[in-house]
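S.K.: My structure is stored as input_5.cif, with mmCIF, C-alpha atoms.
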```cif
data_protein
loop_
_atom_site.group_PDB
_atom_site.id
_atom_site.type_symbol
_atom_site.label_atom_id
_atom_site.label_comp_id
_atom_site.auth_asym_id
_atom_site.auth_seq_id
_atom_site.Cartn_x
_atom_site.Cartn_y
_atom_site.Cartn_z
ATOM 1 C CA MET Z 93 89.667 113.635 126.979
ATOM 2 C CA VAL Z 94 91.864 113.654 130.048
ATOM 3 C CA PHE Z 95 94.544 116.220 130.830
ATOM 4 C CA VAL Z 96 97.274 115.292 133.260
ATOM 5 C CA SER Z 97 99.770 117.816 134.597
ATOM 6 C CA GLY Z 98 102.674 117.635 136.974
ATOM 7 C CA TYR Z 99 105.483 115.113 137.032
ATOM 8 C CA LYS Z 100 103.943 112.870 139.725
ATOM 9 C CA MET Z 101 100.538 112.694 138.042
ATOM 10 C CA VAL Z 102 102.002 112.066 134.575
ATOM 11 C CA LYS Z 103 104.195 109.296 135.990
ATOM 12 C CA GLU Z 104 101.211 107.806 137.832
ATOM 13 C CA ALA Z 105 99.088 107.883 134.680
ATOM 14 C CA LEU Z 106 101.711 106.480 132.318
ATOM 15 C CA VAL Z 107 103.229 103.892 134.660
ATOM 16 C CA ASN Z 108 100.360 102.638 136.809
ATOM 17 C CA HIS Z 109 97.454 103.236 134.410
ATOM 18 C CA LEU Z 110 99.165 102.639 131.085
ATOM 19 C CA ASP Z 111 96.260 100.695 129.551
ATOM 20 C CA SER Z 112 94.033 103.743 129.841
ATOM 21 C CA PHE Z 113 96.476 105.945 127.910
ATOM 22 C CA VAL Z 114 97.943 103.732 125.169
ATOM 23 C CA ASP Z 115 95.453 104.389 122.363
ATOM 24 C CA ARG Z 116 95.137 107.496 120.245
ATOM 25 C CA PRO Z 117 91.766 109.053 119.516
ATOM 26 C CA PRO Z 118 90.277 108.538 116.059
ATOM 27 C CA VAL Z 119 91.385 111.146 113.526
ATOM 28 C CA PRO Z 120 88.657 111.760 110.919
ATOM 29 C CA LEU Z 121 91.141 113.017 108.303
ATOM 30 C CA PHE Z 122 92.716 109.561 108.130
ATOM 31 C CA HIS Z 123 89.579 107.527 108.852
ATOM 32 C CA GLU Z 124 89.464 106.157 105.299
ATOM 33 C CA PHE Z 125 92.979 104.787 105.656
ATOM 34 C CA THR Z 126 92.469 102.732 108.812
ATOM 35 C CA MET Z 127 92.955 99.523 106.823
ATOM 36 C CA ALA Z 128 96.420 100.701 105.843
ATOM 37 C CA LEU Z 129 97.146 101.438 109.495
ATOM 38 C CA LYS Z 130 95.975 97.968 110.496
ATOM 39 C CA GLN Z 131 98.187 96.469 107.808
ATOM 40 C CA ARG Z 132 101.138 98.499 109.052
ATOM 41 C CA LYS Z 133 100.508 97.348 112.625
ATOM 42 C CA PHE Z 134 100.297 93.746 111.424
ATOM 43 C CA ALA Z 135 103.544 94.168 109.479
ATOM 44 C CA ASN Z 136 105.323 95.698 112.466
ATOM 45 C CA THR Z 137 104.138 92.901 114.729
ATOM 46 C CA HIS Z 138 105.185 90.147 112.338
ATOM 47 C CA LEU Z 139 108.279 91.749 110.808
ATOM 48 C CA ARG Z 140 110.562 89.902 113.199
ATOM 49 C CA TYR Z 141 109.342 86.642 111.667
ATOM 50 C CA PHE Z 142 110.021 87.876 108.136
ATOM 51 C CA GLY Z 143 113.178 86.361 106.700
ATOM 52 C CA GLU Z 144 115.998 86.543 109.158
ATOM 53 C CA GLY Z 145 114.547 89.507 110.986
ATOM 54 C CA LEU Z 146 117.095 92.165 111.846
ATOM 55 C CA ARG Z 147 119.868 90.493 109.840
ATOM 56 C CA THR Z 148 117.760 90.796 106.698
ATOM 57 C CA LEU Z 149 117.076 94.453 107.440
ATOM 58 C CA GLU Z 150 120.778 94.992 108.039
ATOM 59 C CA LYS Z 151 121.598 93.470 104.653
ATOM 60 C CA TYR Z 152 119.092 95.704 102.854
ATOM 61 C CA THR Z 153 120.290 98.742 104.796
ATOM 62 C CA GLU Z 154 123.933 98.103 103.882
ATOM 63 C CA GLN Z 155 123.031 97.663 100.211
ATOM 64 C CA GLU Z 156 121.009 100.849 100.141
ATOM 65 C CA CYS Z 157 123.750 102.788 101.931
ATOM 66 C CA GLN Z 158 126.056 101.933 99.038
ATOM 67 C CA PHE Z 159 123.546 103.361 96.552
ATOM 68 C CA LEU Z 160 123.063 106.411 98.782
ATOM 69 C CA CYS Z 161 126.819 107.058 98.968
ATOM 70 C CA GLU Z 162 127.098 106.752 95.179
ATOM 71 C CA SER Z 163 124.261 109.223 94.727
ATOM 72 C CA ILE Z 164 125.942 111.696 97.062
ATOM 73 C CA LYS Z 165 129.274 111.260 95.240
ATOM 74 C CA GLU Z 166 127.539 112.178 91.973
ATOM 75 C CA GLU Z 167 126.984 115.661 93.407
ATOM 76 C CA GLN Z 168 130.797 116.130 93.277
ATOM 77 C CA GLY Z 169 130.950 118.295 96.378
ATOM 78 C CA ARG Z 170 128.290 120.746 95.206
ATOM 79 C CA PRO Z 171 125.778 121.823 97.856
ATOM 80 C CA PHE Z 172 122.433 120.034 97.514
ATOM 81 C CA ASN Z 173 119.342 119.246 99.544
ATOM 82 C CA PRO Z 174 119.661 115.584 100.579
ATOM 83 C CA GLN Z 175 116.031 115.231 101.715
ATOM 84 C CA ALA Z 176 114.730 113.542 98.554
ATOM 85 C CA THR Z 177 117.768 111.269 98.268
ATOM 86 C CA VAL Z 178 117.630 110.146 101.908
ATOM 87 C CA THR Z 179 113.847 109.677 101.723
ATOM 88 C CA ASN Z 180 114.322 107.547 98.622
ATOM 89 C CA ALA Z 181 116.985 105.467 100.394
ATOM 90 C CA ILE Z 182 114.791 104.833 103.430
ATOM 91 C CA SER Z 183 111.827 103.989 101.209
ATOM 92 C CA ASN Z 184 114.005 101.596 99.220
ATOM 93 C CA ILE Z 185 114.905 99.671 102.370
ATOM 94 C CA ILE Z 186 111.207 99.252 103.106
ATOM 95 C CA SER Z 187 110.492 98.379 99.456
ATOM 96 C CA SER Z 188 113.225 95.747 99.474
ATOM 97 C CA VAL Z 189 111.632 94.048 102.473
ATOM 98 C CA VAL Z 190 108.016 94.392 101.335
ATOM 99 C CA PHE Z 191 108.261 94.049 97.535
ATOM 100 C CA GLY Z 192 111.551 92.182 97.227
ATOM 101 C CA HIS Z 193 113.196 94.876 95.104
ATOM 102 C CA ARG Z 194 114.361 98.451 95.285
ATOM 103 C CA PHE Z 195 113.609 101.383 93.000
ATOM 104 C CA GLU Z 196 116.244 103.421 91.193
ATOM 105 C CA TYR Z 197 116.645 106.979 92.440
ATOM 106 C CA THR Z 198 115.730 108.112 88.927
ATOM 107 C CA ASP Z 199 112.461 106.097 88.818
ATOM 108 C CA GLU Z 200 109.886 108.824 88.164
ATOM 109 C CA SER Z 201 106.849 106.835 89.350
ATOM 110 C CA PHE Z 202 108.485 106.040 92.690
ATOM 111 C CA ARG Z 203 109.681 109.631 93.090
ATOM 112 C CA ARG Z 204 106.116 110.773 92.401
ATOM 113 C CA ILE Z 205 104.758 108.501 95.142
ATOM 114 C CA LEU Z 206 107.303 109.886 97.607
ATOM 115 C CA GLN Z 207 106.351 113.428 96.567
ATOM 116 C CA LEU Z 208 102.638 112.683 97.054
ATOM 117 C CA ASP Z 209 103.380 111.346 100.535
ATOM 118 C CA THR Z 210 105.409 114.434 101.449
ATOM 119 C CA GLU Z 211 102.628 116.725 100.187
ATOM 120 C CA ALA Z 212 100.008 114.774 102.140
ATOM 121 C CA VAL Z 213 101.991 114.945 105.378
ATOM 122 C CA LEU Z 214 102.519 118.698 104.989
ATOM 123 C CA ALA Z 215 98.851 119.244 104.098
ATOM 124 C CA ALA Z 216 97.684 117.167 107.072
ATOM 125 C CA GLY Z 217 99.600 119.486 109.385
ATOM 126 C CA SER Z 218 97.934 122.635 108.088
ATOM 127 C CA PRO Z 219 95.446 124.441 110.350
ATOM 128 C CA ILE Z 220 92.570 123.948 107.887
ATOM 129 C CA ALA Z 221 93.216 120.213 107.652
ATOM 130 C CA GLN Z 222 93.272 120.024 111.436
ATOM 131 C CA LEU Z 223 89.865 121.705 111.487
ATOM 132 C CA TYR Z 224 88.680 118.683 109.508
ATOM 133 C CA ASP Z 225 89.425 116.555 112.575
ATOM 134 C CA VAL Z 226 87.136 118.781 114.651
ATOM 135 C CA PHE Z 227 84.364 119.360 112.084
ATOM 136 C CA PRO Z 228 84.554 116.493 109.553
ATOM 137 C CA GLY Z 229 80.912 116.787 108.493
ATOM 138 C CA LEU Z 230 81.289 120.458 107.629
ATOM 139 C CA MET Z 231 84.831 120.443 106.260
ATOM 140 C CA LYS Z 232 84.274 117.688 103.717
ATOM 141 C CA HIS Z 233 82.099 120.173 101.793
ATOM 142 C CA LEU Z 234 84.683 122.974 101.877
ATOM 143 C CA PRO Z 235 87.825 123.212 99.734
ATOM 144 C CA GLY Z 236 91.172 122.851 101.414
ATOM 145 C CA PRO Z 237 94.298 120.769 101.904
ATOM 146 C CA HIS Z 238 92.376 117.938 103.567
ATOM 147 C CA HIS Z 239 91.179 116.976 100.079
ATOM 148 C CA THR Z 240 94.826 116.854 98.954
ATOM 149 C CA VAL Z 241 95.561 114.364 101.736
ATOM 150 C CA HIS Z 242 92.759 112.056 100.578
ATOM 151 C CA LYS Z 243 93.633 112.388 96.883
ATOM 152 C CA ASN Z 244 97.339 111.754 97.464
ATOM 153 C CA TYR Z 245 96.842 108.714 99.671
ATOM 154 C CA LEU Z 246 94.404 107.191 97.204
ATOM 155 C CA ALA Z 247 97.078 107.574 94.494
ATOM 156 C CA ILE Z 248 99.652 105.977 96.807
ATOM 157 C CA ILE Z 249 97.340 103.051 97.546
ATOM 158 C CA ASP Z 250 96.873 102.528 93.786
ATOM 159 C CA PHE Z 251 100.667 102.322 93.374
#
```
Just dump the structure as structure tokens.

M.R.:
Amino acid sequence: MVFVSGYKMVKEALVNHLDSFVDRPPVPLFHEFTMALKQRKFANTHLRYFGEGLRTLEKYTEQECQFLCESIKEEQGRPFNPQATVTNAISNIISSVVFGHRFEYTDESFRRILQLDTEAVLAAGSPIAQLYDVFPGLMKHLPGPHHTVHKNYLAIIDF
């Protein structure tokens, strides 16, 4: 591990020696999901060749914005937490590109997948789950949120 401090040294490291600093270290908590990460990297690299590229994404985004606006209108001015609705909208844009269709905001199975993902992200940020990255051999035998991360992502992969 290398620590760089000071503006000049950080600039030197990131501008002149970029190749040495572009990769992230392996994270044991997500080691089992490296295939999904490779697939995501492949998708990001080749997304511009998918359909009409940005125009296709723009079309899906405009469509989903209409559904999002309708969902917000249904609240009739009452205060509400838009996190789940906005997350569903963003996920629907991705689903439209990847699967060729969107999911209704009331689709319980899709909402469950989004909830599992949210729980996994929150659990992965917990101090105990971060200890798993330092002591994976020990932590896999102890209870904690790192098991929630694994369980949730396995359920998401099955979806």

S.K.: May I have the residues within 7 Å of Ala215 in chain Z as a CSV table (one decimal) with C-alpha atoms, in the frame of the given file, using all atoms listed in the file and disregarding those fewer than 5 positions away in the same chain?

M.R.:
```csv
chain,number,residue,atom,x,y,z
Z,221,ALA,CA,93.2,120.2,107.7
Z,237,PRO,CA,94.3,120.8,101.9
Z,238,HIS,CA,92.4,117.9,103.6
Z,240,THR,CA,94.8,116.9,99.0
Z,241,VAL,CA,95.6,114.4,101.7
```

S.K.: Report, in Å to a single decimal, how far apart CA of Lys165 in chain Z and CA of Tyr152 in chain Z are.

M.R.: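 That distance, rounded to one decimal, is 20.1 Å.
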
S.K.: Which one of Z:Glu150, Z:Ala247, Z:Glu166, Z:Ala176 sits closest to Thr210 in chain Z if you count only C-alpha atoms?

M.R.: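 Among Z:Glu150, Z:Ala247, Z:Glu166, Z:Ala176, it is Z:Ala176 that comes nearest to Thr210 in chain Z.
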
S.K.: Any idea what the distance is between CA of Gln158 in chain Z and CA of Glu200 in chain Z?

M.R.: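 Computed distance, CA of Gln158 in chain Z to CA of Glu200 in chain Z, equals 20.7 Å.
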
S.K.: What gap, in Å, lies between CA of Ile248 in chain Z and CA of Arg194 in chain Z?

M.R.: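 CA of Ile248 in chain Z sits 16.6 Å away from CA of Arg194 in chain Z.
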
S.K.: Nearest to Ile185 in chain Z: which of Z:Arg170, Z:Arg204, Z:Lys151, Z:His239 is it, counting all atoms listed in the file?

M.R.: Z:Lys151

S.K.: Restricting the calculation to all atoms listed in the file: of Z:Ser112, Z:Asn180, Z:Gln175, Z:Ser187, which residue gets closest to Asp199 in chain Z?

M.R.: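 When distances to Asp199 in chain Z are compared using all atoms listed in the file, the smallest one comes from Z:Asn180.
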
S.K.: What would the selection look like, as a PDB file with C-alpha atoms, in the coordinates of the input, if the PyMOL selection byres ((chain Z and resi 197) around 9) were run on the coordinates I just shared?

M.R.:
```
ATOM      1  CA  PHE Z 159     123.546 103.361  96.552  1.00  0.00           C
ATOM      2  CA  SER Z 163     124.261 109.223  94.727  1.00  0.00           C
ATOM      3  CA  THR Z 177     117.768 111.269  98.268  1.00  0.00           C
ATOM      4  CA  ASN Z 180     114.322 107.547  98.622  1.00  0.00           C
ATOM      5  CA  ALA Z 181     116.985 105.467 100.394  1.00  0.00           C
ATOM      6  CA  PHE Z 195     113.609 101.383  93.000  1.00  0.00           C
ATOM      7  CA  GLU Z 196     116.244 103.421  91.193  1.00  0.00           C
ATOM      8  CA  THR Z 198     115.730 108.112  88.927  1.00  0.00           C
ATOM      9  CA  ASP Z 199     112.461 106.097  88.818  1.00  0.00           C
ATOM     10  CA  GLU Z 200     109.886 108.824  88.164  1.00  0.00           C
ATOM     11  CA  PHE Z 202     108.485 106.040  92.690  1.00  0.00           C
ATOM     12  CA  ARG Z 203     109.681 109.631  93.090  1.00  0.00           C
TER      13      ARG Z 203
END
```

S.K.: Determine the nearest neighbour of Val189 in chain Z from the options Z:Ala105, Z:Leu223, Z:Ala135, Z:Met231, counting all atoms listed in the file.

M.R.: Z:Ala135

S.K.: Out of Z:Phe227, Z:Asn244, Z:Gly192, Z:Ile186, which residue has the shortest atom-to-atom distance to Val213 in chain Z when counting only C-alpha atoms?

M.R.: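 Ranked by minimum distance to Val213 in chain Z, first place goes to Z:Asn244.
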
S.K.: Show me, as lines of an AutoDock Vina configuration file, the centre and edge lengths in Å to one decimal of the axis-aligned box that covers every listed atom of range 148-167 of chain Z with 8 Å on each side.

M.R.:
```
center_x = 123.2
center_y = 103.2
center_z = 100.0
size_x = 28.2
size_y = 40.9
size_z = 32.1
```

S.K.: Just the residues within 12 Å of Asn173 in chain Z, please, counting only C-alpha atoms, with nothing from its chain fewer than 6 positions along; format it as number ranges by chain.

M.R.: Z: 164, 167, 179
